[in-house]
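Listing of upload24.txt; format and content: compact mmCIF, C-alpha atoms.
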# COMPACT_ATOMS: atom_id res chain seq x y z
CA MET A 1 -15.40 -9.37 -13.68
CA THR A 2 -13.60 -8.04 -10.67
CA LEU A 3 -10.03 -6.81 -10.41
CA THR A 4 -8.27 -6.66 -7.05
CA LEU A 5 -6.10 -3.79 -5.83
CA THR A 6 -3.97 -3.94 -2.71
CA LEU A 7 -2.41 -0.74 -1.40
CA PHE A 8 0.59 -1.13 0.90
CA ARG A 9 1.92 2.01 2.52
CA HIS A 10 5.66 1.90 3.13
CA ALA A 11 6.78 1.05 6.66
CA LYS A 12 8.12 3.50 9.24
CA SER A 13 11.19 5.29 7.97
CA SER A 14 14.17 6.86 9.64
CA TRP A 15 14.30 10.61 10.17
CA ASP A 16 18.08 10.65 10.51
CA ASN A 17 19.14 14.19 9.66
CA THR A 18 22.26 12.97 7.85
CA ILE A 19 20.11 11.72 4.95
CA PRO A 20 19.99 14.71 2.58
CA ARG A 21 16.95 13.76 0.47
CA ASP A 22 13.53 12.53 1.58
CA PHE A 23 13.63 10.03 -1.30
CA ASP A 24 16.67 8.32 0.27
CA ARG A 25 15.31 7.72 3.77
CA PRO A 26 15.59 4.02 4.81
CA LEU A 27 13.35 2.14 7.23
CA ASN A 28 13.97 2.29 10.95
CA LYS A 29 14.02 -0.92 13.06
CA ARG A 30 10.32 -0.64 13.91
CA GLY A 31 9.52 -0.26 10.21
CA GLU A 32 11.54 -3.34 9.34
CA LYS A 33 9.65 -5.38 11.95
CA ALA A 34 6.28 -4.05 10.76
CA ALA A 35 6.99 -4.93 7.11
CA VAL A 36 8.00 -8.50 8.03
CA THR A 37 4.87 -8.79 10.21
CA MET A 38 2.64 -7.63 7.36
CA GLY A 39 4.30 -10.13 5.02
CA LYS A 40 3.58 -12.95 7.44
CA TRP A 41 -0.06 -11.85 7.69
CA VAL A 42 -0.42 -11.75 3.90
CA LYS A 43 1.01 -15.27 3.62
CA GLU A 44 -1.15 -16.65 6.47
CA ASN A 45 -4.28 -15.15 4.89
CA GLY A 46 -3.55 -16.39 1.39
CA LEU A 47 -3.42 -13.00 -0.32
CA THR A 48 -1.64 -13.12 -3.65
CA PHE A 49 -0.62 -10.61 -6.32
CA ASP A 50 0.21 -11.16 -9.95
CA HIS A 51 1.82 -7.73 -10.30
CA VAL A 52 3.52 -5.28 -7.94
CA VAL A 53 4.08 -1.65 -8.88
CA ALA A 54 5.99 0.53 -6.45
CA SER A 55 7.65 3.84 -5.78
CA PRO A 56 11.43 3.59 -6.17
CA ALA A 57 12.02 5.54 -2.92
CA VAL A 58 14.50 3.78 -0.62
CA ARG A 59 11.92 3.31 2.17
CA VAL A 60 9.59 1.53 -0.28
CA ILE A 61 12.35 -0.73 -1.59
CA ASP A 62 13.29 -1.55 2.03
CA THR A 63 9.62 -2.20 2.87
CA ILE A 64 9.32 -4.70 0.03
CA ASP A 65 12.59 -6.39 1.03
CA GLN A 66 11.35 -6.88 4.60
CA PHE A 67 7.84 -7.87 3.45
CA VAL A 68 9.41 -10.64 1.34
CA LYS A 69 11.10 -11.99 4.48
CA GLY A 70 7.62 -12.39 5.95
CA THR A 71 5.98 -13.96 2.91
CA GLY A 72 8.89 -16.10 1.81
CA GLU A 73 7.87 -15.22 -1.75
CA ARG A 74 9.95 -13.34 -4.29
CA ILE A 75 8.59 -10.04 -5.59
CA ASP A 76 9.72 -8.54 -8.88
CA ALA A 77 8.31 -5.04 -8.58
CA THR A 78 7.84 -2.61 -11.42
CA TRP A 79 9.32 0.68 -10.21
CA ASP A 80 7.33 3.77 -11.16
CA ARG A 81 8.64 7.16 -10.07
CA ARG A 82 5.17 8.67 -10.50
CA ILE A 83 4.11 6.90 -7.29
CA TYR A 84 6.60 8.85 -5.15
CA LEU A 85 4.48 11.28 -3.09
CA ALA A 86 1.71 11.07 -5.72
CA SER A 87 -1.86 12.27 -5.48
CA SER A 88 -4.77 9.88 -5.81
CA ALA A 89 -5.33 11.09 -9.39
CA THR A 90 -1.74 10.25 -10.34
CA LEU A 91 -2.00 6.84 -8.66
CA MET A 92 -5.13 6.13 -10.72
CA ASP A 93 -3.17 7.07 -13.86
CA VAL A 94 -0.44 4.60 -12.87
CA LEU A 95 -3.09 1.90 -12.40
CA ARG A 96 -4.73 2.72 -15.74
CA ASP A 97 -1.39 1.88 -17.35
CA ARG A 98 -1.42 -1.69 -15.96
CA SER A 99 -1.87 -4.53 -18.41
CA ASN A 100 -5.17 -6.37 -18.27
CA GLU A 101 -3.25 -9.62 -18.00
CA PHE A 102 -2.90 -8.67 -14.30
CA LYS A 103 -5.98 -9.31 -12.19
CA ASP A 104 -4.51 -8.71 -8.73
CA VAL A 105 -2.21 -5.70 -8.39
CA MET A 106 -0.36 -4.51 -5.30
CA MET A 107 0.80 -0.89 -5.23
CA VAL A 108 3.42 0.12 -2.67
CA GLY A 109 3.76 3.82 -1.97
CA HIS A 110 3.18 6.82 0.21
CA ASN A 111 0.58 8.89 1.98
CA PRO A 112 -1.48 10.95 1.61
CA GLY A 113 -2.03 9.54 -1.89
CA MET A 114 -2.64 5.97 -0.74
CA GLU A 115 -5.40 6.81 1.72
CA ASP A 116 -6.91 9.34 -0.68
CA LEU A 117 -7.08 6.60 -3.31
CA VAL A 118 -9.05 4.42 -0.88
CA PHE A 119 -11.45 7.33 -0.27
CA ASP A 120 -11.85 7.89 -4.00
CA ILE A 121 -12.44 4.23 -4.89
CA VAL A 122 -14.66 3.21 -1.95
CA PRO A 123 -17.95 5.14 -1.76
CA ASP A 124 -18.61 7.16 1.39
CA ASP A 125 -22.10 5.77 1.84
CA GLY A 126 -21.81 4.35 5.37
CA SER A 127 -21.60 0.75 4.15
CA SER A 128 -17.89 0.23 4.90
CA PRO A 129 -16.72 0.15 8.53
CA LEU A 130 -13.21 -0.51 7.17
CA ARG A 131 -13.33 2.79 5.25
CA ASP A 132 -14.07 4.48 8.57
CA LEU A 133 -10.88 2.92 10.00
CA VAL A 134 -8.89 4.31 7.07
CA TRP A 135 -10.45 7.69 7.82
CA GLU A 136 -9.09 7.51 11.38
CA LYS A 137 -5.57 6.88 10.08
CA TYR A 138 -3.76 4.96 7.34
CA PRO A 139 -0.55 4.30 9.29
CA THR A 140 2.79 3.18 7.93
CA ALA A 141 2.89 -0.45 6.73
CA ALA A 142 -0.91 -0.70 6.63
CA ILE A 143 -2.55 -2.72 3.86
CA ALA A 144 -5.88 -1.93 2.20
CA ARG A 145 -7.35 -4.44 -0.25
CA MET A 146 -10.19 -3.60 -2.59
CA GLU A 147 -12.30 -5.45 -5.12
CA LEU A 148 -12.96 -3.26 -8.13
CA ASP A 149 -16.08 -3.62 -10.25
CA ILE A 150 -14.22 -3.07 -13.52
CA ASP A 151 -13.05 -5.29 -16.36
CA SER A 152 -9.99 -3.27 -17.29
CA TRP A 153 -7.45 -1.23 -15.34
CA ALA A 154 -8.10 1.56 -17.86
CA ASP A 155 -11.62 1.81 -16.38
CA ILE A 156 -10.59 2.56 -12.79
CA GLU A 157 -12.58 5.51 -11.47
CA ARG A 158 -14.09 6.96 -8.34
CA LYS A 159 -16.53 4.75 -6.42
CA CYS A 160 -15.75 1.58 -8.37
CA GLY A 161 -14.75 -0.65 -5.47
CA ARG A 162 -15.29 -2.27 -2.09
CA LEU A 163 -12.75 -2.36 0.72
CA THR A 164 -12.41 -6.00 1.78
CA HIS A 165 -9.39 -5.74 4.11
CA PHE A 166 -7.70 -3.03 6.11
CA ILE A 167 -4.98 -4.26 8.41
CA ARG A 168 -2.48 -2.23 10.39
CA PRO A 169 0.72 -3.48 12.02
CA ARG A 170 -0.71 -2.66 15.47
CA ASP A 171 -3.60 -5.04 14.76
CA LEU A 172 -1.04 -7.85 14.61
CA ASP A 173 1.51 -6.76 17.22
CA THR A 174 0.76 -4.23 19.95
CA GLU A 175 4.43 -3.20 19.99
CA LEU A 176 3.82 -1.79 16.51
CA GLY A 177 0.99 0.42 17.74
CA PRO A 178 0.66 4.18 17.79
CA GLU A 179 3.81 6.21 18.51
CA ASP A 180 3.24 8.49 15.61
CA GLU A 181 2.56 5.70 13.08
Kindly transcribe the structure held in the file into structure tokens.
Amino acid sequence: MTLTLTLFRHAKSSWDNTIPRDFDRPLNKRGEKAAVTMGKWVKENGLTFDHVVASPAVRVIDTIDQFVKGTGERIDATWDRRIYLASSATLMDVLRDRSNEFKDVMMVGHNPGMEDLVFDIVPDDGSSPLRDLVWEKYPTAAIARMELDIDSWADIERKCGRLTHFIRPRDLDTELGPEDE
């Protein structure tokens, strides 16, 4: 049996100095556009999720709100504070807590934990050109989708998966390209 994990890094956030806490930073206009664009891509490519678990940081909530505009589908996320600025090990713990009734989970969160999780799950054996793209940079609003060779979320571990998709906003709209992604 194969479980599917999709990692969605939050979109570009505002660095307005009047926001006192990092946790409270909203998206900027470019981030809003990128999240909608990624939602449209997900819909056009038929990707689905039966469970979404996300950081409760404002920029993640905003990312999901804009993503939904692109997909046209409602998302009832489970908010998990452990995801906020988490390490790969903590993200794996969050995933281990998922119910096995869910076969296709999307996690929405932050770097560097998100890209480190890709590196931990997908073996560095030269067989994944997409992994090499993640190595170059896992920019804001990028989506990585992996098939995991496990029967239970409790079994998630290093080198248990294959990266099947890695899409960045700039791949879909050149206006969303570098500029400190």
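Closest to Leu47 (chain A) among A:Asn17, A:Arg30, A:Met92, A:Glu73 is A:Glu73, based on all atoms listed in the file.
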Requested in this report: Name the residues in contact with Gly39 (chain A) at a cut-off of 8 Å, using all atoms listed in the file, excluding same-chain residues fewer than 4 positions from it; report them as a PyMOL selection string.
Outcome: chain A and resi 35+43+66-71
Sorted by chain and rising residue number, list the residues of region 56-135 of chain A at most 7 Å from region 151-173 of chain A (counting only C-alpha atoms), each with its closest atom pair and distance in Å to one decimal, as JSON lines.
{"residue": "A:Met92", "atom": "CA", "partner": "A:Ile156", "partner_atom": "CA", "distance": 6.8}
{"residue": "A:Leu95", "atom": "CA", "partner": "A:Trp153", "partner_atom": "CA", "distance": 6.1}
{"residue": "A:Arg96", "atom": "CA", "partner": "A:Ala154", "partner_atom": "CA", "distance": 4.1}
{"residue": "A:Asp97", "atom": "CA", "partner": "A:Ala154", "partner_atom": "CA", "distance": 6.7}
{"residue": "A:Arg98", "atom": "CA", "partner": "A:Trp153", "partner_atom": "CA", "distance": 6.1}
{"residue": "A:Asn100", "atom": "CA", "partner": "A:Ser152", "partner_atom": "CA", "distance": 5.8}
{"residue": "A:Asp120", "atom": "CA", "partner": "A:Arg158", "partner_atom": "CA", "distance": 5.0}
{"residue": "A:Ile121", "atom": "CA", "partner": "A:Lys159", "partner_atom": "CA", "distance": 4.4}
{"residue": "A:Val122", "atom": "CA", "partner": "A:Lys159", "partner_atom": "CA", "distance": 5.1}
{"residue": "A:Pro123", "atom": "CA", "partner": "A:Lys159", "partner_atom": "CA", "distance": 4.9}
{"residue": "A:Leu130", "atom": "CA", "partner": "A:Phe166", "partner_atom": "CA", "distance": 6.2}
{"residue": "A:Arg131", "atom": "CA", "partner": "A:Leu163", "partner_atom": "CA", "distance": 6.9}
Report task. Please indicate the distance in Å from CA of Lys12 (chain A) to CA of Asp104 (chain A), rounded to one decimal place. Result -> 25.1 Å
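Across the structure, CA of Lys103 (chain A) and CA of Met146 (chain A) are spaced 11.9 Å apart.
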Please define a box with edges along x, y and z of the file around all atoms of region 19-38 of chain A given in the file, extend it by 8 Å on each side, and return its centre and edge lengths in Å to one decimal, as AutoDock Vina command-line options.
--center_x 11.4 --center_y 3.0 --center_z 6.3 --size_x 33.5 --size_y 39.5 --size_z 31.2
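If only C-alpha atoms are the atoms counted, then among A:Ser13, A:Thr37, A:Thr174, A:Asn28 the closest residue to Gly72 (chain A) is A:Thr37.
When CA of Pro26 (chain A) is paired with CA of Arg59 (chain A), their separation reads 4.6 Å.
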Report task. With a distance cut-off of 9 Å and only C-alpha atoms, select the neighbouring residues of Pro112 (chain A), excluding the residue or stretch itself and same-chain residues fewer than 2 positions from it, and output the selection as a PyMOL selection string. Result -> chain A and resi 85-88+110+114-117+138
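Checking A:Val42, A:Met106, A:Val118, A:Leu91 one by one against Ala77 (chain A), counting only C-alpha atoms, you find the shortest gap at A:Met106.
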Report summary line: From the list A:Val53, A:Val58, A:Val36, A:Ile64, the nearest residue to Asp22 (chain A) using all atoms listed in the file is A:Val58
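For the residues A:Leu7, A:Val108, A:Val94, A:Thr18, ranking by smallest atom-to-atom distance to Val134 (chain A) using all atoms listed in the file places A:Leu7 first.
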Query raised in the report: For Leu5 (chain A), which residue out of A:Phe102, A:Phe23, A:Trp41, A:Phe119 is the nearest one, using all atoms listed in the file?
Result: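 Checking each candidate against Leu5 (chain A), we get A:Phe102 as the closest.
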Report task. Just the residues within 7 Å of Val60 (chain A), please, counting only C-alpha atoms, with nothing from its chain fewer than 3 positions along; format it as an NGL selection string. Result -> :A and (10 or 55-57 or 63-64 or 108-109)
